[in-house]
Amino acid sequence: MKQRSLRILRIIFAVLFLFLTSVLFVDFRELVPPVWADRILFLQFVPSLIRFITIPALVATGFIIILLITAMFGRVYCSAICPLGIFQDVFSRISIKIRLIKRYKYKKALDYLRYPLLALVAIFLLYGSLFMLNLLDPYSSFGRVFSDLVRPGIIVVNNGFAGLLEKFNHYFLYRVNLQLITWHTVLVPIITVMTVIGLSLLYGRLYCNAICPVGTVLGLLSRISVFRIKMNSATCTKCGKCSFACKSSCINVKNMKVDFSRCVACYDCISVCPENSIRYEGPFRQKNYISRTSPVSAPRSASKRDFIGKIVLYGMALTGISKKALGVTDTDRPAGKIPNDVHYPVTPPGSVSLKHFTDRCTACHLCVTVCPTGVLQPSFLQYGFTGMMQPHMDYSVEYCNFECVKCGEVCPTGAILPITVEDKKLEQNGQVNFILEKCIVYTDNTACGSCSEHCPTQAVKMVPYKDTTLTIPEIDKEICIGCGACEFACPVKPHTSIFVDGNAIHQVAKKPEIEELKVESEDAFPF
Amino acid sequence: MKVKAMKRRDFLRNSAGFGILSGAALSLGNYDAIFAKDAGSFQMPYDLVAIKGGEAAAMFDKGIASLGGMKQFVKPNQSVVIKPNIGWDVPPERAGNTNPDLVARIVEQCKMAGAKSVYVFDNTLSEATRCYELSGIESAVKKAGGTMVSGKSESYYHQVSIPGGKRLKTAKVHELILESDVFINVPVLKNHGGTTLSIAMKNLMGVVWDRRFWHSNDLHQCIADFPTYRKPDLNIVDGYRVMKRNGPRGVSVADVMTMKYQLISKDIVAVDAASAKVFGLDPKQVKYIGLAEQAGIGKSNIEGMKVNRITIGA
């Protein structure tokens with residue numbers, strides 16, 4: 001096989017994975033069937049690993065395959081499968097095309113950055129927090145960027161086109177309501193995308209080789225991989241073209257060494273070599289054993305500055321913001337200003353418990369994308385600072401659809417487990433609470449019933465109130481499943497008169513009792 | 001007719017410029033002046049038609065025929081908007097939404113009367129695509145030649161003022177209601193925890209964007225206020241399956257009773273009053289009916305009306 005075609009092969013896979021993963025994360029019209037999420041994301045390293053720890057099943061073995069591939073062929077994951085990696089290649093290519101940079105050149109590895117960062121991720125994990133991993137994991141970062149930033153953009157474009165087509169009486173596109181975007185939930189994806197685009201425009205794959213924990217782990221493994229890029233000292237003219245083409249800046253032409261811990265197996269070097277003297281080779285034709293280059297002094301470190309910038313911004317976020325300001329505010333209503341006594345945030349149905357969920361969710365926001373109502377929203381401080389971005393049930397935005405279990409069907413980490421619709425209808429992730437003194441019927445003596453209207457189990461039921469036609473809510477916590485329909489619908493804002501307090505451990509609700517309807521039929525018209 | 005056509009063209013010209021980038025919010029200026037309040041020139045043979053005992057579509061055919069046919073309401077080349085209740089993602093047998101066979105039959109009748117286009121929409125309470133699909137209304141309407149339109153983006157709704165309203169002074173109303181020549185209201189009769197019954201006037205909450213305002217500003221009054229702005233040209237109440245309790249969403253089919261009723265009237269108050277009686281209640285028990293009558297929207301005293309009672313299969 002001509003080795004130049006390796007690059008073509010890599011590009012074909014890369015385009016395929018980038019396209020499919022992007023579509024998955026921006027699909028606001030539920031066009032992709034949920035089963036496709038598993039197929040497309042099977043090989044994503046971090047979610048697969050977490051899922052395997054949750055349920056060691058075949059469906060969660062993707063990371064093992066990646067480890068085997070890396071041990072055999074190097075960091076193929078980074079160039080052909082990782083969506084954030086491929087995303088960066090797009091910008092690196094643009095950068096070269098528009099001559100922002102002319103060529104890459106060999107640089108020493110930023111070991112003082114990548115290993116401490118990996119250690120930091122590990123330390124956080126040891127203390128049971130996914131915080132650092134979630135910040136840096138390339139798959140989840142990509143997901144957040146596409147779900148939180150690209151998807152709203154696509155909705156705006158869709159609405160524009162839909163509006164135009166409607167003028168010509170075509171309604172196959174329709175306008176979709178753009179949910180309010182709050183700055184503190186898009187802060188992290190914005191920083192991520194700016195860092196990643198900036199680095200990829202100027203330094204190729206620096207993010208992957210200095211920041212990304214998956215890149216660092218796979219880099220450790222690729223040091224011992226069987227097939228690797230090698231230079232043939234007999235034919236090499238030291239023209240340097242391979243090194244100029246290397247996005248990872250890991251080919252040292254001077255001493256003919258390739259730092260394979262940083263090589264992302266893009267094969268660009270092979271395709272540019274005029275002498276065919278840089279090749280992908282197995283152990284049998286090994287001529288020079290290539291040792292890794294050791295780190296010495298720091299080259300100009302944009303990545304480091306960016307990282308510090310990130311920390312500072314998080315600090316600002318922490319001090320500057322309290323709880324999320326909720327939805328529409330009815331300023332005339334003093335009752336809505338009294339905060340409710342909420343003990344726990346509500347986690348999605350299928351997520352077992354607060355702990356199960358927060359221990360496994362990498363905040364990729366795929367569930368946020370697929371949630372048909374939009375009740376699943378990225379959290380800010382609801383799970384505490386280290387749970388930032390992990391989605392929560394935001395009943396100020398929407399409520400959970402009674403018939404829907406999509407979040408569990410797509411969750412790649414097992415943070416939300418797949419459940420049947422029957423189980424979902426009894427899974428109690430929170431319980432209803434009613435504060436009479438805030439209720440419109442109580443304060444205004446006018447009819448409402450919005451909460452009960454939306455309640456699928458009639459855990460919130462309207463019962464006669466005073467000696468009038470008025471009715472007032474009565475709650476039955478036992479049959480409440482915590483879907484938040486009542487809280488969403490309650491017109492007392494922002495702190496509603498009826499609200500759901502999360503269950504730290506999800507419970508099973510009682511089935512609503514169904515009585516026979518007494519049928520009295522009359523033959524004559526009643527008027 | 002001519003005036004309205006001009007308005008529509010103006011509207012198209014105005015909004016074409018907004019194009020793709022603005023997308024989310026088309027601000028289209030003043031919609032208030034659109035309706036010339038044309039009291040129907042046609043003399044109705046009946047104030048109210050009540051039909052019972054048949055299938056929903058068949059009852060409608062008989063009922064509308066007795067009023068002189070759909071052509072009395074829809075003229076050739078007019079645009080029609082039909083507003084059923086599609087509030088919930090439940091199948092037809094749960095009676096949370098209007099009967100899809102009835103909606104389809106109305107679409108067909110409009111088409112046969114020469115309607116240029118027939119639009120159907122609702123600002124649903126459950127997730128919209130599921131409501132449209134599970135209710136059976138989307139597929140039935142499409143088969144009948146109508147067009148389903150989304151009600152789930154605020155950009156479809158435009159601010160109007162309601163000078164006749166006591167509490168509801170303004171509302172954002174769906175552009176189909178503002179632009180279409182004929183507005184047909186097709187509610188389902190059902191129990192409602194907050195307002196006792198949901199019928200024709202209550203169904204109009206689905207043509208505005210912000211319902212929450214109604215709930216927090218004397219719901220009954222707001223329901224009675226809205227028709228002072230725009231009364232449907234025809235009201236067809238679906239009483240085929242009736243949700244007797246746990247409304248308006250319902251918990252199970254056990255809440256539903258098959259009554260096989262239908263009520264048709266131009267008078268939205270009369271049709272609500274008659275429906276209340278069918279349900280087994282006195283119209284006085286439904287506060288917004290009385291409030292609307294006070295506001296002069298219609299009459300609730302059925303005894304003094306010309307009523308056509310049709311029984312099928314008796």
# chains A, B, ... in the order shown; residues from 1 in each chain; ligands from 1
call {"tool": "interface_residues", "arguments": {"of": "chain B", "to": "chain A", "cutoff": "6 Å", "atoms": "only C-alpha atoms", "output": "list in words"}}
result
Gly19, Ile20, Gly23, Glu127, Ser153, Gly193, Gly194, Arg212, His215, Ser216, Asp218, Leu219, Pro248, Val251 and Lys277 of chain B
call {"tool": "residues_around", "arguments": {"residues": "Leu118 (chain A)", "least_positions_apart": "5", "cutoff": "8 Å", "atoms": "only C-alpha atoms", "output": "MDAnalysis selection string"}}
result
chainID A and resid 213 216:217
call {"tool": "select_by_dssp", "arguments": {"residues": "region 91-171 of chain B", "states": "alpha helix (DSSP H)", "output": "ChimeraX atom specification"}}
result
/B:100-112,128-134,137-144
call {"tool": "select_by_dssp", "arguments": {"residues": "region 138-246 of chain B", "states": "strand (DSSP E)", "output": "MDAnalysis selection string"}}
result
chainID B and resid 147:148 157:161 170:174 182:186 188:192 196:198 234:243
call {"tool": "residues_around", "arguments": {"residues": "Gln428 (chain A)", "least_positions_apart": "2", "cutoff": "9 Å", "atoms": "only C-alpha atoms", "output": "list of chain:residue names"}}
result
A:Pro349, A:Lys424, A:Lys425, A:Leu426, A:Gly430, A:Gln431, A:Glu478, A:Ile479, A:Cys480, A:Ile481, A:Gly482, A:Cys483, A:Gly502, A:Asn503, A:Ile505, A:His506, A:Gln507, A:Val508, A:Ala509
call {"tool": "atom_distance", "arguments": {"atom1": "CA of Gly336 (chain A)", "atom2": "CA of Glu427 (chain A)"}}
result
28.8 Å
call {"tool": "closest_residue", "arguments": {"among": "B:Val271, B:Val118, B:Val286, B:Met259", "to": "Met305 (chain B)", "atoms": "only C-alpha atoms"}}
result
B:Val271
call {"tool": "residues_around", "arguments": {"residues": "Cys239 (chain A)", "least_positions_apart": "3", "cutoff": "12 Å", "atoms": "only C-alpha atoms", "output": "list in words"}}
result
Thr235, Cys236, Cys242, Ser243, Phe244, Ala245, Asn252, Val253, Lys254, Met256, Cys269, Val272, Cys273, Pro274, Glu275, Ser277 and Ile278 of chain A
